[in-house]
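Structure, as structure tokens:
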Amino acid sequence: MPGPLRLFPQIKGGVCTTFHTSGYDTQAIVQNNDSTEYGLFQINNKIWCKDDQNPHSSNICNISCDKFLDDDLTDDIMCVSLPEWVCTTFHTSGYDTQAIVQNNDSTEYGLFQINNKIWCKDDQNPHSSNICNISCDKFLDDDLTDDIMCVKKILDKVGINYWLAHKALCSEKLDQWLCEKF
């Protein structure tokens, strides 16, 4: 059932439970029914990275899953950047996957507030560049797969500062977006 994304406590808790999911083991591998999680942050091979088990992964982080199994956490952190995203989505959509924000000459859709002038197409802006090649209403459900694919394109072309809230509110002092002690 579409509606506000109910995952925030789980995402925030995910940062807290690194110990419980991987035991702080950078070489941890957890097999699930149809996917595998890798490394300290248990990054999943269905969407985030690519391996032999799931060669058709979306590979959002554009990386081989085995890169998450070493002690160099640089690529792991670049892939998850969780506190920044938790903060940014809070300030852009309030974690609401159905959020629609009308601006003067454009509209922003969904959890990541993706704009209809450049990234997606709707009736209001039929001449959109539609770089993500998608109808804007696809960003209004709880399935974030297409949202994340478009976010990756935005990051590749513009960077995280596309989201104005990020630079102003989420690029420094992220302690409040980390988990509290149990």
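By convention here, the chains of the structure tokens are called A, B, ... in the order presented, each chain's residues are numbered starting at 1, and ligands are numbered starting at 1 in the order presented.
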
In region 30-113 of chain A, DSSP helix (DSSP H, G or I) residues written as a list in words: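 Residues of region 30-113 of chain A classed as helix (DSSP H, G or I): Cys65, Asp66, Lys67, Phe68, Leu69, Thr74, Asp75, Asp76, Ile77, Met78, Cys79, Val80, Leu82, Pro83, Glu84, Trp85, Val86, Cys87, Thr88, Thr89, Phe90, His91, Thr92 and Ser93 of chain A.
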
Picked from region 62-140 of chain A by DSSP as strand (DSSP E or B), as a PyMOL selection string: chain A and resi 64+96+100-102+107-109+114-115+121+135

Point-to-point distance from CA of Leu40 (chain A) to CA of Gln27 (chain A), Å rounded to tenths: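 Atom-to-atom, CA of Leu40 (chain A) to CA of Gln27 (chain A), that is 7.0 Å.
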
Please tabulate, as a Markdown table, the residues of region 128-178 of chain A that come within 8 Å of region 98-101 of chain A, each with its closest pair of atoms and the distance in Å to one decimal, counting only C-alpha atoms and ordering rows by chain, then residue number upward.
```
| residue | atom | partner | partner_atom | distance |
| --- | --- | --- | --- | --- |
| A:Phe139 | CA | A:Gln98 | CA | 7.6 |
| A:Leu140 | CA | A:Gln98 | CA | 4.5 |
| A:Asp141 | CA | A:Gln98 | CA | 6.4 |
```

CA of Phe41 (chain A) to CA of Tyr24 (chain A), straight-line distance in Å: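 We find that CA of Tyr24 (chain A) and CA of Phe41 (chain A) lie 8.4 Å from each other.
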
Distance query His91 (chain A) at most 10 Å, only C-alpha atoms, self and fewer than 5 positions along chain excluded, as a PyMOL selection string: chain A and resi 85-86+112+163-166+169-170
